[in-house]
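> Sharing a structure, written as structure tokens. Questions coming.
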Amino acid sequence: MSLWIWLLIACALAYAWKIMGYFVPARFLEDPRTSRIAGTMTIGLLASLTVVNAVVSGQALAADARLGALAAAAIALVLRAPFLVVVIAGAGTAALLRVAGWS
Amino acid sequence: MKLLASPAVRVGISISIATGLYGVSFGALAVTSGLNFWQAMALSLLLFSGGSQFAFIGVVAGGGSGIAAMSAATLLGMRNGIYGMQLNALLRPTGWRKYIGAQLTIDESTATSTGQADPAEQRRGFWTAGVGVYVLWNLFTAVGALAGSGLGDPKQWGLDGAAVAAFLALLWPRLKGREPIAIAAVCAVATVVAVPFVPAGVPILVAAVVAALVGWFSHGRRDEGLEPDVEPYGAHRPGHHQGGDSHGAGVQRKEGTDPGADA
């Protein structure tokens, strides 16, 4: 139940960011620092989320089939594959590695 | 049909299909992360911002708390506020259009709109991509969520690997040049170092703080990291991502006077 509450708060705050942009005076755009922080934070969060999903298991680090998924996704991206293909490459590699016996 | 003659509408439709389709992976990952069907749908209908939605389920899947999931999603949503400022200056929406348009303010609709030079085309691009992505993203989230819950053990299908791949694919288009790569590397290391010491979900917030500090003190491009998840105008955009300090050029682009250089 408490997940629902945080989920709905996240939804409300997401809309708050969006609508706030429409009511902020345009001169705030002239402060390059604001948009730069939004940008660096986007990069940092996505990098962190990638790592967490690849090697973190609860409160410990783990090397398992997800590392194979990470490598496969990177190769697909270098080859300029579309998003859906990258995701399928990641899933397929992890599944195959597990069939082959690597947890 | 006359509307289809508009380049912005055509771009908007194709980006809607491309983005909408990967709603399948969001829906499937959401239910295997432990959300139920309606929680997955609530994120797509109400939160409606791909990166934030993946962040929310990514934290939940890693055993993080609801508040950590909410924080990560909210921090990633900050860039939509920047888009809102740009679009408000560009499209000048009034009345109800402002409130509906705000919900449709995401990477894809912003990129489709700001890539056009003509004000009427900018408007058409925004609404086509915004409404199109919204409808298809929600439709395919439902498909993915229904399919995902019938799959049994998600690990057997490598769905945790799918999540890793999805985050890397969202990060990838933003890694252009030395600075964004350095930021990503530093934040990845900060995450790994923090893992043993703090509760699940919190390492992501540690990385966010590190990234914000880098943004505060650095002097990189003002639109670094604000690239859309999907580039509507193809991979080759001359004059963009050449690195260096280009504040002046950035201001010009925001006014939509240089359609070839930014999206």
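Naming scheme: A, B, ... for chains in displayed order of the structure tokens; residues 1 onward per chain; ligands 1 onward as shown.
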According to DSSP computed on the backbone, where in chain A is there alpha helix (DSSP H)? Give the residues as a PyMOL selection string.

chain A and resi 2-23+32-55+65-78+83-99

> With C-alpha atoms retained, export the selected residues as a PDB file, in the first residue's frame.


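Output (part.pdb):
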```
ATOM      1  CA  SER A   2       2.746   2.457   0.901  1.00  0.00           C
ATOM      2  CA  LEU A   3       4.253   1.930  -2.560  1.00  0.00           C
ATOM      3  CA  TRP A   4       1.057   3.371  -4.036  1.00  0.00           C
ATOM      4  CA  ILE A   5       1.506   6.519  -1.925  1.00  0.00           C
ATOM      5  CA  TRP A   6       5.099   7.132  -3.046  1.00  0.00           C
ATOM      6  CA  LEU A   7       4.132   6.284  -6.610  1.00  0.00           C
ATOM      7  CA  LEU A   8       1.367   8.893  -6.634  1.00  0.00           C
ATOM      8  CA  ILE A   9       3.649  11.473  -4.994  1.00  0.00           C
ATOM      9  CA  ALA A  10       6.208  10.778  -7.749  1.00  0.00           C
ATOM     10  CA  CYS A  11       3.470  11.360 -10.344  1.00  0.00           C
ATOM     11  CA  ALA A  12       2.413  14.630  -8.696  1.00  0.00           C
ATOM     12  CA  LEU A  13       6.009  15.892  -8.485  1.00  0.00           C
ATOM     13  CA  ALA A  14       6.673  14.924 -12.103  1.00  0.00           C
ATOM     14  CA  TYR A  15       3.740  17.088 -13.172  1.00  0.00           C
ATOM     15  CA  ALA A  16       4.902  19.824 -10.813  1.00  0.00           C
ATOM     16  CA  TRP A  17       8.294  20.009 -12.604  1.00  0.00           C
ATOM     17  CA  LYS A  18       6.580  20.131 -15.989  1.00  0.00           C
ATOM     18  CA  ILE A  19       3.983  22.804 -15.178  1.00  0.00           C
ATOM     19  CA  MET A  20       6.536  24.848 -13.225  1.00  0.00           C
ATOM     20  CA  GLY A  21       8.512  25.259 -16.427  1.00  0.00           C
ATOM     21  CA  TYR A  22       5.529  26.939 -18.050  1.00  0.00           C
ATOM     22  CA  PHE A  23       5.177  29.477 -15.246  1.00  0.00           C
ATOM     23  CA  PRO A  32      22.978  28.342 -17.688  1.00  0.00           C
ATOM     24  CA  ARG A  33      23.706  26.661 -14.358  1.00  0.00           C
ATOM     25  CA  THR A  34      20.110  25.486 -13.893  1.00  0.00           C
ATOM     26  CA  SER A  35      19.926  23.607 -17.163  1.00  0.00           C
ATOM     27  CA  ARG A  36      23.481  22.328 -16.778  1.00  0.00           C
ATOM     28  CA  ILE A  37      22.631  20.738 -13.426  1.00  0.00           C
ATOM     29  CA  ALA A  38      19.484  19.181 -14.918  1.00  0.00           C
ATOM     30  CA  GLY A  39      21.722  17.745 -17.619  1.00  0.00           C
ATOM     31  CA  THR A  40      24.566  16.419 -15.462  1.00  0.00           C
ATOM     32  CA  MET A  41      22.037  14.950 -13.036  1.00  0.00           C
ATOM     33  CA  THR A  42      20.309  13.108 -15.874  1.00  0.00           C
ATOM     34  CA  ILE A  43      23.623  11.578 -16.959  1.00  0.00           C
ATOM     35  CA  GLY A  44      24.627  10.723 -13.378  1.00  0.00           C
ATOM     36  CA  LEU A  45      21.313   9.106 -12.485  1.00  0.00           C
ATOM     37  CA  LEU A  46      21.161   6.994 -15.637  1.00  0.00           C
ATOM     38  CA  ALA A  47      24.767   5.848 -15.131  1.00  0.00           C
ATOM     39  CA  SER A  48      24.004   4.975 -11.526  1.00  0.00           C
ATOM     40  CA  LEU A  49      20.810   3.114 -12.440  1.00  0.00           C
ATOM     41  CA  THR A  50      22.708   1.129 -15.059  1.00  0.00           C
ATOM     42  CA  VAL A  51      25.306   0.074 -12.499  1.00  0.00           C
ATOM     43  CA  VAL A  52      22.757  -0.719  -9.784  1.00  0.00           C
ATOM     44  CA  ASN A  53      20.779  -2.949 -12.116  1.00  0.00           C
ATOM     45  CA  ALA A  54      23.915  -4.624 -13.457  1.00  0.00           C
ATOM     46  CA  VAL A  55      25.990  -5.452 -10.355  1.00  0.00           C
ATOM     47  CA  ALA A  65      24.472 -12.998 -15.829  1.00  0.00           C
ATOM     48  CA  ARG A  66      23.490  -9.328 -15.743  1.00  0.00           C
ATOM     49  CA  LEU A  67      27.101  -8.391 -16.557  1.00  0.00           C
ATOM     50  CA  GLY A  68      26.682 -10.325 -19.804  1.00  0.00           C
ATOM     51  CA  ALA A  69      23.522  -8.339 -20.485  1.00  0.00           C
ATOM     52  CA  LEU A  70      25.456  -5.107 -19.946  1.00  0.00           C
ATOM     53  CA  ALA A  71      28.153  -6.169 -22.420  1.00  0.00           C
ATOM     54  CA  ALA A  72      25.601  -7.312 -25.007  1.00  0.00           C
ATOM     55  CA  ALA A  73      23.684  -4.034 -24.714  1.00  0.00           C
ATOM     56  CA  ALA A  74      26.892  -2.027 -25.160  1.00  0.00           C
ATOM     57  CA  ILE A  75      27.761  -3.973 -28.305  1.00  0.00           C
ATOM     58  CA  ALA A  76      24.231  -3.471 -29.684  1.00  0.00           C
ATOM     59  CA  LEU A  77      24.492   0.275 -29.001  1.00  0.00           C
ATOM     60  CA  VAL A  78      27.880   0.535 -30.703  1.00  0.00           C
ATOM     61  CA  PHE A  83      16.184   0.746 -28.351  1.00  0.00           C
ATOM     62  CA  LEU A  84      13.971  -2.331 -28.511  1.00  0.00           C
ATOM     63  CA  VAL A  85      16.735  -4.442 -30.075  1.00  0.00           C
ATOM     64  CA  VAL A  86      19.173  -3.343 -27.348  1.00  0.00           C
ATOM     65  CA  VAL A  87      16.712  -4.398 -24.656  1.00  0.00           C
ATOM     66  CA  ILE A  88      16.088  -7.763 -26.315  1.00  0.00           C
ATOM     67  CA  ALA A  89      19.858  -8.319 -26.669  1.00  0.00           C
ATOM     68  CA  GLY A  90      20.264  -7.681 -22.931  1.00  0.00           C
ATOM     69  CA  ALA A  91      17.431 -10.003 -21.950  1.00  0.00           C
ATOM     70  CA  GLY A  92      18.479 -12.745 -24.373  1.00  0.00           C
ATOM     71  CA  THR A  93      22.089 -12.721 -23.198  1.00  0.00           C
ATOM     72  CA  ALA A  94      21.146 -12.920 -19.520  1.00  0.00           C
ATOM     73  CA  ALA A  95      18.695 -15.747 -20.235  1.00  0.00           C
ATOM     74  CA  LEU A  96      21.228 -17.705 -22.308  1.00  0.00           C
ATOM     75  CA  LEU A  97      23.979 -17.284 -19.709  1.00  0.00           C
ATOM     76  CA  ARG A  98      21.630 -18.699 -17.057  1.00  0.00           C
ATOM     77  CA  VAL A  99      20.784 -21.667 -19.271  1.00  0.00           C
TER      78      VAL A  99
END
```

> I'd like to know which of B:Leu91, B:Ala162, B:Ala194, B:Ala142 is closest to chain A, using only C-alpha atoms.

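Closest to chain A, using only C-alpha atoms: B:Ala162.
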
> Would you mind listing what lies within 12 Å of B:Leu4 as a ChimeraX atom specification, with only C-alpha atoms counted and same-chain residues fewer than 2 positions away left out?

/B:1-2,6-14,121,124-125,128

> List every residue of stretch 135-228 of chain B that has an atom at most 8 Å from any atom of stretch 41-47 of chain B, and for each one report the closest atom pair and its distance in Å to one decimal, counting only C-alpha atoms, with rows sorted by chain and then by increasing residue number, as a tab-separated table.


```
residue	atom	partner	partner_atom	distance
B:Trp137	CA	B:Ser44	CA	7.2
B:Asn138	CA	B:Ser44	CA	5.8
B:Thr141	CA	B:Met41	CA	6.8
B:Ala142	CA	B:Met41	CA	6.7
```

> Quote the spacing between atom CA of A:Gly58 and atom CA of B:Gly64 in Å to one decimal place.

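Going from atom CA of A:Gly58 over to atom CA of B:Gly64 covers 8.1 Å.
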
> Which polymer residues have any atom within 8 Å of an atom of B:Ala190, counting only C-alpha atoms, with same-chain residues fewer than 4 positions away left out, as a list in words?

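Once the nearby chain positions are removed, what remains is Val186, Ala194, Pro203, Val206, Ala207 and Val210 of chain B.
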
> Which of these, A:Phe28, A:Leu79, A:Ser103, A:Gln59, has the shortest distance to chain B once you count only C-alpha atoms?

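Distance minimum relative to chain B lands on A:Gln59.
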